[in-house]
Amino acid sequence: MKERVLQNGRLLPALEAALAQRYDLHPLWQERDPQAFLARHGADFRGYIASARYGADAAMIRALPNLRVISVNGVGLDAVDLAAARARGIAVGYTPDVLNDCVADTALLLLLDVARGGSAADRFVRRGDWARGGQFPLGSSVHGKRVGILGLGRIGRAIARRAQGFDMEVRYHNRRPVADVPYGYEATLHALASWADFLVIASAGGPPTRHLVAEAILDALGPQGFLVNIARGSVVDEQALLAALQQGRIAGAGLDVYEDEPAVTPGLLALDNVVLLPHIASATHETRQAMADLSLGNLDAFFATGAVQVSAL
Ligand code: 8YV
């Protein structure tokens with residue numbers, strides 16, 4: 001008999017198809033009353049497939065009393081209650097590394113776009129402003145500028161390498177200094193923001209980093225400084241960011257993530273010096289396929305051997 005696996009939200013169609021072939025996959029998101037469904041059938045499921053957006057909180061884990069494995073199709077684990085999983089002995093798999101390059105590419109995409117005004121210039125051409133004789137304002141060059149990276153994990157390092165390729169100077173702030181990297185360490189985020197022309201957030205999300213970037217850090221970044229966030233929206237106080245942008249206290253922002261996705265603080269939509277992406281940093285055919293292979297591999301490995309391939313615990 002096939003193992004029952006619960007699916008909390010949409011995934012790559014190819015992954016959904018592969019899961020449905022191997023498992024008795026149930027799409028919870030199609031239930032009209034998910035709570036009632038869980039109350040009746042929660043005990044049937046031993047597997048659970050989650051994503052960065054559709055995680056597994058304590059209530060969900062409680063509703064699945066026989067759950068043995070959670071496979072997260074993503075690297076960020078802030079939407080999964082890891083303590084609750086650990087307490088119950090539930091294995092948790094995730095998909096680190098395979099998305100480092102695409103996420104880092106997106107950080108540079110946002111950095112270059114917001115500095116040079118790529119998206120705004122595109123709008124300028126489409127509006128007919130160029131044809132009418134308009135002059136698009138000058139941008140900021142990036143070579144020789146300073147990139148401060150918050151969170152020098154796997155993705156942060158990939159961003160640092162790319163920034164060096166653009167002849168930028170790199171420093172970072174982390175909970176603790178990282179051995180074997182050629183980048184300067186700033187002991188506080190405030191010092192990093194004061195030093196940087198571009199502050200790039202590549203840290204984990206969740207309670208420990210919530211609103212780390214708020215008014216004081218934005219003011220340290222200053223009127224010539226740009227913020228880039230490819231990590232989690234929760235790290236930035238979005239209202240404070242909006243105020244800083246509206247008042248010219250920072251120069252611009254490039255965002256892939258938001259506090260309340262898919263909602264974006266409305267005031268941001270009106271600003272030409274803000275580049276807004278819909279959480280697509282890992283969204284390429286190649287990377288999403290690699291993530292799908294790994295999250296499926298984690299489930300398969302667990303049911304075959306009792307352990308996931310890549311454990312988050
Ligand atoms: C995806 C992400 O949006 O991996 C993460 O933590 O935020 C992204 O890669 C998501 O997990 C895809 O389902």
# chains A, B, ... in the order shown; residues from 1 in each chain; ligands from 1
>>> closest_atom_pairs(of="chain A", to="ligand 1", cutoff="10 Å", atoms="only C-alpha atoms and all ligand atoms", output="CSV")
residue,atom,partner,partner_atom_place_in_ligand_line,distance
A:Gly9,CA,ligand 1,13 (O),8.9
A:Arg10,CA,ligand 1,13 (O),8.2
A:Leu11,CA,ligand 1,13 (O),6.4
A:Leu12,CA,ligand 1,13 (O),8.0
A:Ala50,CA,ligand 1,13 (O),7.7
A:Ser51,CA,ligand 1,13 (O),4.4
A:Ala52,CA,ligand 1,11 (O),3.8
A:Arg53,CA,ligand 1,10 (C),6.4
A:Tyr54,CA,ligand 1,13 (O),8.0
A:Gly55,CA,ligand 1,11 (O),9.3
A:Val72,CA,ligand 1,11 (O),7.4
A:Asn73,CA,ligand 1,11 (O),5.3
A:Gly74,CA,ligand 1,4 (O),3.1
A:Val75,CA,ligand 1,4 (O),3.9
A:Gly76,CA,ligand 1,6 (O),3.4
A:Leu77,CA,ligand 1,6 (O),6.7
A:Asp78,CA,ligand 1,6 (O),8.3
A:Ala79,CA,ligand 1,6 (O),9.2
A:Tyr94,CA,ligand 1,4 (O),8.4
A:Thr95,CA,ligand 1,4 (O),7.1
A:Pro96,CA,ligand 1,4 (O),7.6
A:Asp97,CA,ligand 1,4 (O),9.8
A:Val98,CA,ligand 1,4 (O),9.5
A:Leu99,CA,ligand 1,9 (O),6.9
A:Asn100,CA,ligand 1,4 (O),9.4
A:Cys102,CA,ligand 1,9 (O),9.4
A:Val103,CA,ligand 1,9 (O),7.9
A:Ala204,CA,ligand 1,6 (O),8.8
A:Gly205,CA,ligand 1,6 (O),9.2
A:Ile230,CA,ligand 1,7 (O),8.4
A:Ala231,CA,ligand 1,7 (O),7.2
A:Arg232,CA,ligand 1,7 (O),7.4
A:Asp256,CA,ligand 1,7 (O),9.4
A:Val257,CA,ligand 1,7 (O),8.3
A:Pro278,CA,ligand 1,3 (O),9.2
A:His279,CA,ligand 1,3 (O),5.9
A:Ile280,CA,ligand 1,3 (O),6.4
A:Ala281,CA,ligand 1,9 (O),6.7
A:Ser282,CA,ligand 1,9 (O),4.7
A:Ala283,CA,ligand 1,9 (O),7.1
A:Thr287,CA,ligand 1,9 (O),8.8
A:Arg288,CA,ligand 1,12 (C),7.5
A:Met291,CA,ligand 1,12 (C),8.1
A:Ala292,CA,ligand 1,13 (O),9.0
>>> select_by_dssp(residues="region 107-235 of chain A", states="helix (DSSP H, G or I)", output="ChimeraX atom specification")
/A:107-116,118-126,154-165,189-195,207-209,215-221,233-235
>>> write_last_selection(atoms="N, CA and C atoms", output="short mmCIF file (atom, residue, chain, number, x, y, z; two decimals), in the first residue's frame")
data_model
loop_
_atom_site.label_atom_id
_atom_site.label_comp_id
_atom_site.auth_asym_id
_atom_site.auth_seq_id
_atom_site.Cartn_x
_atom_site.Cartn_y
_atom_site.Cartn_z
N ALA A 107 20.00 38.30 -6.27
CA ALA A 107 20.48 39.41 -5.44
C ALA A 107 21.22 40.43 -6.32
N LEU A 108 22.06 39.94 -7.23
CA LEU A 108 22.80 40.85 -8.11
C LEU A 108 21.88 41.50 -9.13
N LEU A 109 20.89 40.73 -9.59
CA LEU A 109 19.89 41.30 -10.50
C LEU A 109 19.21 42.51 -9.85
N LEU A 110 18.80 42.35 -8.59
CA LEU A 110 18.13 43.44 -7.87
C LEU A 110 19.10 44.59 -7.61
N LEU A 111 20.33 44.25 -7.22
CA LEU A 111 21.33 45.28 -6.91
C LEU A 111 21.60 46.15 -8.15
N LEU A 112 21.84 45.49 -9.28
CA LEU A 112 22.14 46.23 -10.50
C LEU A 112 20.91 47.01 -10.97
N ASP A 113 19.76 46.38 -10.86
CA ASP A 113 18.53 47.02 -11.34
C ASP A 113 18.25 48.30 -10.55
N VAL A 114 18.34 48.19 -9.21
CA VAL A 114 17.97 49.35 -8.41
C VAL A 114 19.04 50.44 -8.53
N ALA A 115 20.31 50.04 -8.72
CA ALA A 115 21.37 51.05 -8.85
C ALA A 115 21.29 51.78 -10.19
N ARG A 116 21.02 51.02 -11.25
CA ARG A 116 21.04 51.62 -12.59
C ARG A 116 19.65 52.03 -13.07
N GLY A 118 17.12 49.91 -13.98
CA GLY A 118 16.71 49.06 -15.11
C GLY A 118 15.20 48.96 -15.29
N SER A 119 14.50 48.58 -14.24
CA SER A 119 13.04 48.43 -14.36
C SER A 119 12.36 49.77 -14.58
N ALA A 120 12.85 50.79 -13.90
CA ALA A 120 12.25 52.13 -14.07
C ALA A 120 12.49 52.63 -15.49
N ALA A 121 13.68 52.33 -16.05
CA ALA A 121 14.00 52.77 -17.41
C ALA A 121 13.11 52.04 -18.42
N ASP A 122 12.83 50.78 -18.15
CA ASP A 122 11.93 50.01 -19.01
C ASP A 122 10.54 50.67 -19.02
N ARG A 123 10.07 51.03 -17.83
CA ARG A 123 8.76 51.71 -17.76
C ARG A 123 8.79 53.03 -18.52
N PHE A 124 9.91 53.72 -18.42
CA PHE A 124 10.10 55.02 -19.07
C PHE A 124 9.96 54.89 -20.59
N VAL A 125 10.60 53.82 -21.13
CA VAL A 125 10.51 53.60 -22.58
C VAL A 125 9.09 53.22 -22.97
N ARG A 126 8.50 52.29 -22.22
CA ARG A 126 7.14 51.83 -22.56
C ARG A 126 6.10 52.94 -22.47
N ARG A 154 25.58 29.88 2.90
CA ARG A 154 25.89 29.40 1.54
C ARG A 154 25.48 30.43 0.50
N ILE A 155 24.30 31.02 0.67
CA ILE A 155 23.82 31.98 -0.33
C ILE A 155 24.60 33.29 -0.20
N GLY A 156 24.85 33.71 1.05
CA GLY A 156 25.62 34.94 1.25
C GLY A 156 26.99 34.87 0.59
N ARG A 157 27.64 33.71 0.68
CA ARG A 157 28.96 33.56 0.05
C ARG A 157 28.86 33.63 -1.47
N ALA A 158 27.80 33.03 -2.02
CA ALA A 158 27.63 33.08 -3.48
C ALA A 158 27.38 34.53 -3.93
N ILE A 159 26.70 35.30 -3.11
CA ILE A 159 26.48 36.72 -3.42
C ILE A 159 27.82 37.46 -3.35
N ALA A 160 28.61 37.16 -2.32
CA ALA A 160 29.90 37.83 -2.14
C ALA A 160 30.81 37.60 -3.36
N ARG A 161 30.86 36.36 -3.83
CA ARG A 161 31.70 36.05 -5.00
C ARG A 161 31.26 36.84 -6.23
N ARG A 162 29.94 36.92 -6.41
CA ARG A 162 29.44 37.66 -7.56
C ARG A 162 29.75 39.15 -7.43
N ALA A 163 29.59 39.68 -6.23
CA ALA A 163 29.87 41.11 -6.02
C ALA A 163 31.34 41.40 -6.32
N GLN A 164 32.22 40.49 -5.94
CA GLN A 164 33.64 40.66 -6.26
C GLN A 164 33.86 40.68 -7.77
N GLY A 165 33.09 39.87 -8.47
CA GLY A 165 33.17 39.85 -9.93
C GLY A 165 32.79 41.19 -10.55
N LEU A 189 25.34 44.82 12.92
CA LEU A 189 24.63 45.13 11.67
C LEU A 189 24.67 46.64 11.43
N HIS A 190 24.60 47.42 12.51
CA HIS A 190 24.62 48.87 12.39
C HIS A 190 25.94 49.32 11.75
N ALA A 191 27.05 48.74 12.20
CA ALA A 191 28.36 49.10 11.63
C ALA A 191 28.42 48.70 10.16
N LEU A 192 27.87 47.54 9.83
CA LEU A 192 27.87 47.08 8.43
C LEU A 192 27.07 48.05 7.56
N ALA A 193 25.88 48.43 8.06
CA ALA A 193 25.01 49.32 7.28
C ALA A 193 25.66 50.69 7.11
N SER A 194 26.35 51.16 8.14
CA SER A 194 27.02 52.47 8.05
C SER A 194 28.13 52.44 6.99
N TRP A 195 28.80 51.29 6.90
CA TRP A 195 29.92 51.14 5.96
C TRP A 195 29.43 50.98 4.52
N PRO A 207 11.72 34.23 14.11
CA PRO A 207 11.79 35.17 15.24
C PRO A 207 13.18 35.77 15.51
N PRO A 208 14.30 35.02 15.41
CA PRO A 208 15.58 35.63 15.78
C PRO A 208 16.00 36.81 14.90
N THR A 209 15.52 36.86 13.67
CA THR A 209 15.96 37.95 12.77
C THR A 209 14.83 38.93 12.46
N GLU A 215 14.27 51.17 11.39
CA GLU A 215 14.64 52.58 11.17
C GLU A 215 16.13 52.87 11.38
N ALA A 216 16.69 52.40 12.50
CA ALA A 216 18.08 52.76 12.82
C ALA A 216 19.07 52.21 11.79
N ILE A 217 18.81 51.00 11.31
CA ILE A 217 19.71 50.39 10.31
C ILE A 217 19.56 51.10 8.96
N LEU A 218 18.32 51.44 8.63
CA LEU A 218 18.09 52.13 7.35
C LEU A 218 18.75 53.51 7.38
N ASP A 219 18.69 54.18 8.53
CA ASP A 219 19.35 55.49 8.63
C ASP A 219 20.87 55.35 8.60
N ALA A 220 21.38 54.24 9.12
CA ALA A 220 22.82 54.00 9.03
C ALA A 220 23.23 53.76 7.58
N LEU A 221 22.38 53.10 6.81
CA LEU A 221 22.65 52.87 5.38
C LEU A 221 22.69 54.22 4.64
N GLY A 233 10.98 38.39 4.10
CA GLY A 233 10.41 39.71 4.34
C GLY A 233 10.39 40.08 5.81
N SER A 234 10.31 39.08 6.66
CA SER A 234 10.21 39.32 8.11
C SER A 234 11.45 40.02 8.67
N VAL A 235 12.58 39.93 7.97
CA VAL A 235 13.82 40.54 8.48
C VAL A 235 13.72 42.08 8.43
#
>>> closest_residue(among="A:Ala253, A:Leu245, A:Val310, A:Ala187", to="Ile201 (chain A)", atoms="only C-alpha atoms")
A:Ala253
>>> select_by_dssp(residues="region 32-236 of chain A", states="strand (DSSP E or B)", output="VMD selection string")
chain A and resid 47 to 51 56 69 to 73 80 91 to 93 146 to 150 169 to 173 184 to 185 198 to 201 213 226 to 229 236
>>> residues_around(residues="region 36-43 of chain A", least_positions_apart="6", cutoff="12 Å", atoms="only C-alpha atoms", output="number ranges by chain")
A: 4-6, 8, 26-30, 59-68
>>> residues_around(residues="Val264 (chain A)", least_positions_apart="3", cutoff="12 Å", atoms="only C-alpha atoms", output="ChimeraX atom specification")
/A:233,238-239,242,255-261,267-270,274-279
>>> closest_residue(among="A:Leu299, A:Val170, A:Ile70, A:Ala17", to="Val147 (chain A)", atoms="only C-alpha atoms")
A:Val170
